[in-house]
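Here the structure is laid out as structure tokens; the discussion comes afterwards.
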Amino acid sequence: MAKKADEGFTPTGMVYKSTTLPKPTQKKHKSLGIKDEQLPDIFRNMYLQRRFEERAAQMYQKGKFGGFLHLYIGQEAVSAATVHVLNDDDDIISAYRVHGMALARGTSPDACMAELFGKKTGCSRGKGGSMHFFDVERHFWGGHAIVGAHIPLGAGLAMANKYQNNGRIAICFFGDGAVDQGSLNETFNMAQLWKLPVIFVVENNGYSMGTAVERHSAGQLHKRGEAYGMKNGVANGMDFFSMVDTLTDIAKEVRETNEPYFLEVKTYRYRGHSMSDPGNYRTKEELEEFKSFDPIERLKSYIIEEKVASEDELNAIVEEVEQQVLDSIEFAENSDLPDESELYDHVYVQKDFPFHT
Amino acid sequence: MPVKQFREAIREAMVEEMRKDESIIIMGEEVAEYNGAYKVTQGMLDEFGGKRIIDTPISELGFAGIGAGAAMNGLRPIIEFMTFNFALVGIDQILNNAAKIRYMSGGQISFPMVFRGPNASAGQLGATHSVAFESLYGHFPGLKVMYPSEPYDAKGLLKTAIRDNDPVIFLESEQMYAMKQEMPDEEYTIPLGVGKIKREGKDVTIVAHGKMYHVAKQAAEQLAKDGVEAEIIDPRTMKPFDFKMVIESVKKTNRCVIVDESHPFAGMASEIGFIIQRDAFDYLDAPVLRVCLPDVPAPFAKNLFEKWLPSPKEIIDAVNAVTYRN
């Protein structure tokens, strides 16, 4: 017999295990084309993302800056693998949990921290804040905070690349909540119809804010691609090498075929949706389980086990990153706020626009 | 000078600019194979091919957003909405992305693009197909808004809009597409934000834009028979708005009626009226009046629709009120 509506529409009252990771790759770094000397830098990249955000959270809690703060902690393998695999002039666009991606792409911790502080030295000159990091020089296109609204922008970046025949591809990241937006479905249809060279990546961290993926999305996320005949797959986002393995093939294929791909990355955020989130929708056991797969610890162990670098050498990197992050806080604190005269800057390209008063 | 239709004027503006600039593309529903829902883009697929004249699915959010993304990355898209009534399902792409990302990025990104298509009512089409959006788009910093009333203005302004490096909302009207006017062969543009006095008069200023200009013109012709000389200002660009021209005219006539095919609450007429009372208070011999839509959606029934739409008679009544002739 059909269920009655009074049992509720969205299932409630039970805690889900939000995501299941595919098995990590067994491939070693060399078979993935990664040289020994690159590994410590990759570790540095991921650890910088982690430590930057841990310190940013402290600064937020101390009241050093306002706004929202959405932390990426736990998902760093995704960003690190992305910048490792893609060319530096491929175009990256992402959502509002974006500090890690900017840092991974090479935006300086100084510019990132200063943006959090709303200083003129920030990567968006203090006009964007935590959710709106931009670094166009590095082909990093933001930093977008209306869920799913930047998905067509990602396809548009790819359309312009294809139009200009410049060999660049675009990659567009969003969270599992964005899969439910109409923007994704309209964009997927057009991206496949027009064969746009774009990789759509859903970073499925199990929760759309506080709603487990099973409670907000029908079916498997990557299968949304099937309806449009779009190639799709799943990757383990808690493991750097698995991400590299998967993304390398996808990037090659998208570049060669000029067709889109939809990748579902299974990952996990350790912190709340934002700083005000007590996380009552998930269990401690689940959080601890995912922390046991920590991508940074895993890479560190791998590097040591493979004798690519010693623990001391990696600890030296940790110290350097720590100092770099502390320096970024000092830089942000010592930077000037934007001049009040800048209030009217950057609205229009036109220099003498007669603003209405 | 040759006589051309409004739709031809718009087409010529796009064709001429596209011949000069490879980065301009047109995207929209039925713009290519079908030759345009209102034949504005007729023949353009033949000349420019499918790489530049691009049929889209009925996905206003999708193609407005993809166009915006392409604008960020080097193209100069012209996005055609079959009407701006349909743009509502994609309006987030215009108001949040095209209008704000430049600001949020501290000036790193620009959106050299035009969103164009018919605006406001076009006969008995019911409430969803009859909305005038100029005040809504004008409300948002980051956008520029044009709403020409005649073919000559349309061509010159659209060329300006296409060359502009900021996003421009370019409003047209189904009911104006067939309007004809003499058009020069030589190239010209019309600057952003400059209105035009389309009828000189000393007794009252009538501000009327877009399709309402033609209603105001009829009213002015009737008023002239009664010895009242109305000055009609067509602002042509809604944002930035040529308040200076309006204020100068009001200082001369001391009376003003604003005609606006928007609902009365927080419409263009409200803003124009506010500026007049602030900047020309001492010159006014009567309160500024407005003729706009009632605060109800568009009805379908012919009699109700005709009562709903601003008419020459309403404008004449308003002019009689501000000139104390009734």
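Chain labels run A, B, ... following the order of the structure tokens; each chain numbers its residues from 1, and ligands are numbered from 1 in the order shown.
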Return the neighbours of chain A among the residues of chain B, cut-off 6 Å, counting only C-alpha atoms, as a PyMOL selection string. chain B and resi 62+65-67+69-70+73+103-107+142
How would you write, as a ChimeraX atom specification, the set of residues in range 22-82 of chain B that DSSP gives as alpha helix (DSSP H)? /B:44-48,60-72
Separation of CA of Glu319 in chain A from CA of His99 in chain A, in Å and rounded to one decimal: 20.4 Å
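Looking only at range 168-318 of chain A, the set that DSSP places in strand (DSSP E) from backbone geometry is Ala170, Ile171, Cys172, Phe173, Phe174, Gly175, Val198, Ile199, Phe200, Val201, Val202, Glu203, Asn204, Tyr207, Ser208, Thr211, Ala212, Lys231, Asn232, Gly233, Val234, Ala235, Asn236, Tyr261, Phe262, Leu263, Glu264, Val265 and Lys266 of chain A.
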Can you write out the residues you just picked, keeping N, CA and C atoms, as a compact mmCIF listing (two decimals), in the first residue's frame?
# COMPACT_ATOMS: atom_id res chain seq x y z
N ALA A 170 37.46 24.05 -18.79
CA ALA A 170 36.96 24.63 -17.54
C ALA A 170 36.57 23.52 -16.59
N ILE A 171 36.68 23.81 -15.31
CA ILE A 171 36.21 22.86 -14.29
C ILE A 171 35.35 23.63 -13.31
N CYS A 172 34.19 23.09 -13.04
CA CYS A 172 33.19 23.80 -12.24
C CYS A 172 32.79 22.95 -11.05
N PHE A 173 33.12 23.43 -9.84
CA PHE A 173 32.84 22.70 -8.60
C PHE A 173 31.58 23.23 -7.94
N PHE A 174 30.84 22.32 -7.33
CA PHE A 174 29.69 22.72 -6.52
C PHE A 174 29.42 21.61 -5.52
N GLY A 175 28.60 21.92 -4.53
CA GLY A 175 28.30 20.94 -3.50
C GLY A 175 27.12 20.08 -3.85
N VAL A 198 33.96 21.13 -20.45
CA VAL A 198 33.88 21.50 -19.03
C VAL A 198 33.72 20.23 -18.19
N ILE A 199 34.44 20.19 -17.08
CA ILE A 199 34.26 19.12 -16.10
C ILE A 199 33.41 19.67 -14.98
N PHE A 200 32.24 19.10 -14.81
CA PHE A 200 31.40 19.46 -13.66
C PHE A 200 31.77 18.51 -12.52
N VAL A 201 32.02 19.08 -11.37
CA VAL A 201 32.39 18.25 -10.23
C VAL A 201 31.48 18.55 -9.05
N VAL A 202 30.73 17.56 -8.63
CA VAL A 202 30.00 17.73 -7.38
C VAL A 202 30.87 17.19 -6.26
N GLU A 203 31.21 18.06 -5.34
CA GLU A 203 31.92 17.62 -4.14
C GLU A 203 30.86 17.17 -3.15
N ASN A 204 30.54 15.91 -3.22
CA ASN A 204 29.50 15.36 -2.35
C ASN A 204 30.09 15.09 -0.98
N TYR A 207 26.33 16.31 2.93
CA TYR A 207 25.31 17.17 3.50
C TYR A 207 25.12 18.45 2.73
N SER A 208 23.86 18.74 2.43
CA SER A 208 23.47 20.02 1.90
C SER A 208 23.10 20.85 3.12
N THR A 211 21.24 18.76 5.73
CA THR A 211 20.36 17.74 5.19
C THR A 211 21.18 16.68 4.47
N ALA A 212 21.13 15.46 4.98
CA ALA A 212 21.92 14.38 4.38
C ALA A 212 21.52 14.18 2.93
N LYS A 231 28.93 11.79 -19.97
CA LYS A 231 29.81 10.83 -19.29
C LYS A 231 29.91 11.23 -17.84
N ASN A 232 29.97 10.21 -16.98
CA ASN A 232 29.99 10.51 -15.56
C ASN A 232 30.68 9.41 -14.78
N GLY A 233 31.07 9.74 -13.58
CA GLY A 233 31.73 8.75 -12.75
C GLY A 233 31.87 9.24 -11.32
N VAL A 234 32.53 8.40 -10.52
CA VAL A 234 32.68 8.67 -9.09
C VAL A 234 34.15 8.59 -8.74
N ALA A 235 34.57 9.43 -7.82
CA ALA A 235 35.96 9.36 -7.36
C ALA A 235 36.01 9.48 -5.84
N ASN A 236 37.07 8.94 -5.29
CA ASN A 236 37.32 9.04 -3.86
C ASN A 236 38.05 10.35 -3.58
N TYR A 261 31.93 16.38 -18.82
CA TYR A 261 31.97 15.20 -17.96
C TYR A 261 31.42 15.60 -16.60
N PHE A 262 30.71 14.69 -15.99
CA PHE A 262 30.18 14.96 -14.64
C PHE A 262 30.80 13.99 -13.65
N LEU A 263 31.59 14.52 -12.77
CA LEU A 263 32.28 13.70 -11.77
C LEU A 263 31.68 13.93 -10.39
N GLU A 264 31.31 12.85 -9.75
CA GLU A 264 30.88 12.92 -8.35
C GLU A 264 32.05 12.55 -7.47
N VAL A 265 32.50 13.48 -6.67
CA VAL A 265 33.60 13.23 -5.75
C VAL A 265 33.01 13.00 -4.37
N LYS A 266 33.29 11.85 -3.81
CA LYS A 266 32.82 11.56 -2.45
C LYS A 266 33.86 12.10 -1.49
I'd like the neighbourhood of range 286-299 of chain A as a ChimeraX atom specification, where a residue qualifies if any of its atoms comes within 7 Å (using only C-alpha atoms), though same-chain residues fewer than 2 positions away should be ignored. /A:17,43,46-47,74,77,238-240,268,270,282-284,301-303
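The spacing separating CA of Asp249 in chain A from CA of Tyr228 in chain A amounts to 20.6 Å.
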Leaving out Ala114 in chain A and any residue of its chain fewer than 2 positions from it, which residues lie within 10 Å of it when counting only C-alpha atoms, given as a PyMOL selection string? chain A and resi 65+108-112+116-126+129-130+328-337
Go ahead and save the picked residues with N, CA and C atoms, as a PDB file, in the first residue's frame.
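This went into out16.pdb:
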ATOM      1  N   PHE A  65      36.987  39.262  12.153  1.00  0.00           N
ATOM      2  CA  PHE A  65      36.249  39.638  10.944  1.00  0.00           C
ATOM      3  C   PHE A  65      34.838  39.074  11.016  1.00  0.00           C
ATOM      4  N   SER A 108      47.873  33.867  -2.844  1.00  0.00           N
ATOM      5  CA  SER A 108      48.732  33.865  -1.654  1.00  0.00           C
ATOM      6  C   SER A 108      47.884  33.828  -0.391  1.00  0.00           C
ATOM      7  N   PRO A 109      48.399  33.166   0.646  1.00  0.00           N
ATOM      8  CA  PRO A 109      47.693  33.187   1.929  1.00  0.00           C
ATOM      9  C   PRO A 109      47.470  34.620   2.420  1.00  0.00           C
ATOM     10  N   ASP A 110      48.401  35.505   2.118  1.00  0.00           N
ATOM     11  CA  ASP A 110      48.222  36.907   2.514  1.00  0.00           C
ATOM     12  C   ASP A 110      46.949  37.485   1.894  1.00  0.00           C
ATOM     13  N   ALA A 111      46.830  37.302   0.582  1.00  0.00           N
ATOM     14  CA  ALA A 111      45.668  37.873  -0.124  1.00  0.00           C
ATOM     15  C   ALA A 111      44.371  37.216   0.341  1.00  0.00           C
ATOM     16  N   CYS A 112      44.451  35.919   0.655  1.00  0.00           N
ATOM     17  CA  CYS A 112      43.247  35.208   1.117  1.00  0.00           C
ATOM     18  C   CYS A 112      42.858  35.674   2.522  1.00  0.00           C
ATOM     19  N   LEU A 116      39.448  37.752   3.915  1.00  0.00           N
ATOM     20  CA  LEU A 116      38.574  37.401   5.043  1.00  0.00           C
ATOM     21  C   LEU A 116      38.408  38.588   5.982  1.00  0.00           C
ATOM     22  N   PHE A 117      39.492  39.319   6.164  1.00  0.00           N
ATOM     23  CA  PHE A 117      39.470  40.480   7.051  1.00  0.00           C
ATOM     24  C   PHE A 117      38.817  41.706   6.382  1.00  0.00           C
ATOM     25  N   GLY A 118      38.474  41.583   5.112  1.00  0.00           N
ATOM     26  CA  GLY A 118      37.866  42.706   4.400  1.00  0.00           C
ATOM     27  C   GLY A 118      38.835  43.849   4.166  1.00  0.00           C
ATOM     28  N   LYS A 119      40.070  43.518   3.864  1.00  0.00           N
ATOM     29  CA  LYS A 119      41.086  44.539   3.654  1.00  0.00           C
ATOM     30  C   LYS A 119      41.316  44.773   2.156  1.00  0.00           C
ATOM     31  N   LYS A 120      41.836  45.932   1.849  1.00  0.00           N
ATOM     32  CA  LYS A 120      42.016  46.277   0.423  1.00  0.00           C
ATOM     33  C   LYS A 120      43.073  45.423  -0.255  1.00  0.00           C
ATOM     34  N   THR A 121      43.913  44.780   0.532  1.00  0.00           N
ATOM     35  CA  THR A 121      44.938  43.893  -0.025  1.00  0.00           C
ATOM     36  C   THR A 121      44.398  42.489  -0.297  1.00  0.00           C
ATOM     37  N   GLY A 122      43.116  42.284  -0.035  1.00  0.00           N
ATOM     38  CA  GLY A 122      42.525  40.963  -0.246  1.00  0.00           C
ATOM     39  C   GLY A 122      42.413  40.600  -1.718  1.00  0.00           C
ATOM     40  N   CYS A 123      42.212  39.314  -1.968  1.00  0.00           N
ATOM     41  CA  CYS A 123      42.193  38.850  -3.356  1.00  0.00           C
ATOM     42  C   CYS A 123      40.986  39.391  -4.123  1.00  0.00           C
ATOM     43  N   SER A 124      39.999  39.939  -3.437  1.00  0.00           N
ATOM     44  CA  SER A 124      38.900  40.632  -4.119  1.00  0.00           C
ATOM     45  C   SER A 124      38.824  42.078  -3.624  1.00  0.00           C
ATOM     46  N   ARG A 125      39.960  42.587  -3.166  1.00  0.00           N
ATOM     47  CA  ARG A 125      40.090  43.968  -2.662  1.00  0.00           C
ATOM     48  C   ARG A 125      39.114  44.279  -1.536  1.00  0.00           C
ATOM     49  N   GLY A 126      38.779  43.234  -0.787  1.00  0.00           N
ATOM     50  CA  GLY A 126      37.868  43.466   0.327  1.00  0.00           C
ATOM     51  C   GLY A 126      36.421  43.646  -0.080  1.00  0.00           C
ATOM     52  N   GLY A 129      34.822  39.044   0.375  1.00  0.00           N
ATOM     53  CA  GLY A 129      34.759  38.282   1.610  1.00  0.00           C
ATOM     54  C   GLY A 129      34.956  36.793   1.381  1.00  0.00           C
ATOM     55  N   SER A 130      34.718  36.054   2.455  1.00  0.00           N
ATOM     56  CA  SER A 130      35.009  34.602   2.470  1.00  0.00           C
ATOM     57  C   SER A 130      34.408  33.842   1.282  1.00  0.00           C
ATOM     58  N   SER A 328      50.379  35.606   7.378  1.00  0.00           N
ATOM     59  CA  SER A 328      49.215  36.099   6.628  1.00  0.00           C
ATOM     60  C   SER A 328      48.239  36.825   7.556  1.00  0.00           C
ATOM     61  N   ILE A 329      48.159  36.340   8.782  1.00  0.00           N
ATOM     62  CA  ILE A 329      47.286  37.026   9.756  1.00  0.00           C
ATOM     63  C   ILE A 329      47.848  38.413  10.069  1.00  0.00           C
ATOM     64  N   GLU A 330      49.162  38.445  10.243  1.00  0.00           N
ATOM     65  CA  GLU A 330      49.794  39.734  10.523  1.00  0.00           C
ATOM     66  C   GLU A 330      49.599  40.683   9.339  1.00  0.00           C
ATOM     67  N   PHE A 331      49.781  40.108   8.153  1.00  0.00           N
ATOM     68  CA  PHE A 331      49.594  40.912   6.942  1.00  0.00           C
ATOM     69  C   PHE A 331      48.169  41.468   6.878  1.00  0.00           C
ATOM     70  N   ALA A 332      47.210  40.597   7.156  1.00  0.00           N
ATOM     71  CA  ALA A 332      45.804  41.029   7.084  1.00  0.00           C
ATOM     72  C   ALA A 332      45.510  42.090   8.132  1.00  0.00           C
ATOM     73  N   GLU A 333      46.022  41.855   9.347  1.00  0.00           N
ATOM     74  CA  GLU A 333      45.748  42.824  10.411  1.00  0.00           C
ATOM     75  C   GLU A 333      46.376  44.174  10.118  1.00  0.00           C
ATOM     76  N   ASN A 334      47.559  44.140   9.516  1.00  0.00           N
ATOM     77  CA  ASN A 334      48.269  45.395   9.247  1.00  0.00           C
ATOM     78  C   ASN A 334      47.822  46.088   7.960  1.00  0.00           C
ATOM     79  N   SER A 335      47.040  45.374   7.151  1.00  0.00           N
ATOM     80  CA  SER A 335      46.597  45.985   5.898  1.00  0.00           C
ATOM     81  C   SER A 335      45.507  47.017   6.163  1.00  0.00           C
ATOM     82  N   ASP A 336      45.395  47.940   5.235  1.00  0.00           N
ATOM     83  CA  ASP A 336      44.368  48.971   5.362  1.00  0.00           C
ATOM     84  C   ASP A 336      43.011  48.446   4.911  1.00  0.00           C
ATOM     85  N   LEU A 337      41.998  48.987   5.532  1.00  0.00           N
ATOM     86  CA  LEU A 337      40.655  48.785   4.994  1.00  0.00           C
ATOM     87  C   LEU A 337      40.586  49.503   3.646  1.00  0.00           C
TER      88      LEU A 337
END
For a test of reading the model, state the distance in Å between CA of Pro294 in chain B and CA of Lys307 in chain B, rounded to one decimal. 9.1 Å
Nearest to Tyr147 in chain B, restricted to only C-alpha atoms and choosing among B:Pro77, B:Pro297, B:Pro118, B:Gly50, comes out as B:Pro118
B:Pro240, B:Gly74, B:Pro191, B:Gly227: which is nearest Val145 in chain B, counting only C-alpha atoms? B:Pro240
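The nearest approach to Lys300 in chain A among the residues A:Met209, A:Ile317, A:Arg168, A:Val147, with only C-alpha atoms taken into account, belongs to A:Ile317.
Taking only C-alpha atoms, the non-local environment of Gly167 in chain A within 10 Å (same-chain residues fewer than 4 positions away omitted) comprises A:Asp89, A:Asp90, A:Asn161, A:Lys162, A:Pro197, A:Arg255, A:Glu256, A:Asn258.
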May I have the residues within 7 Å of Ala64 in chain B as a PyMOL selection string, using only C-alpha atoms and disregarding those fewer than 6 positions away in the same chain? chain B and resi 79+90+93
Selection from above, C-alpha atoms, as a CSV table (one decimal), in the first residue's frame, can you write it?
chain,number,residue,atom,x,y,z
B,79,ILE,CA,21.3,37.4,-25.2
B,90,GLY,CA,16.8,33.3,-15.2
B,93,GLN,CA,21.9,35.2,-13.6
I'd like the neighbourhood of Leu95 in chain B as a PDB file with N, CA and C atoms, in the first residue's frame, where a residue qualifies if any of its atoms comes within 7 Å (using only C-alpha atoms), though same-chain residues fewer than 4 positions away should be ignored.
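Final output, out36.pdb:
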ATOM      1  N   ILE B  91      16.456  35.255 -13.908  1.00  0.00           N
ATOM      2  CA  ILE B  91      16.831  36.623 -13.528  1.00  0.00           C
ATOM      3  C   ILE B  91      17.985  36.657 -12.525  1.00  0.00           C
ATOM      4  N   ALA B  99      25.377  41.459 -12.859  1.00  0.00           N
ATOM      5  CA  ALA B  99      25.395  42.798 -12.243  1.00  0.00           C
ATOM      6  C   ALA B  99      26.386  42.920 -11.097  1.00  0.00           C
ATOM      7  N   PHE B 140      18.976  47.756  -9.787  1.00  0.00           N
ATOM      8  CA  PHE B 140      20.192  47.034  -9.412  1.00  0.00           C
ATOM      9  C   PHE B 140      21.460  47.693  -9.928  1.00  0.00           C
TER      10      PHE B 140
END
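Counting only C-alpha atoms and comparing A:Ala104, A:Leu48, A:Glu313, A:Asp176, the residue that lies closest to His222 in chain A is A:Asp176.
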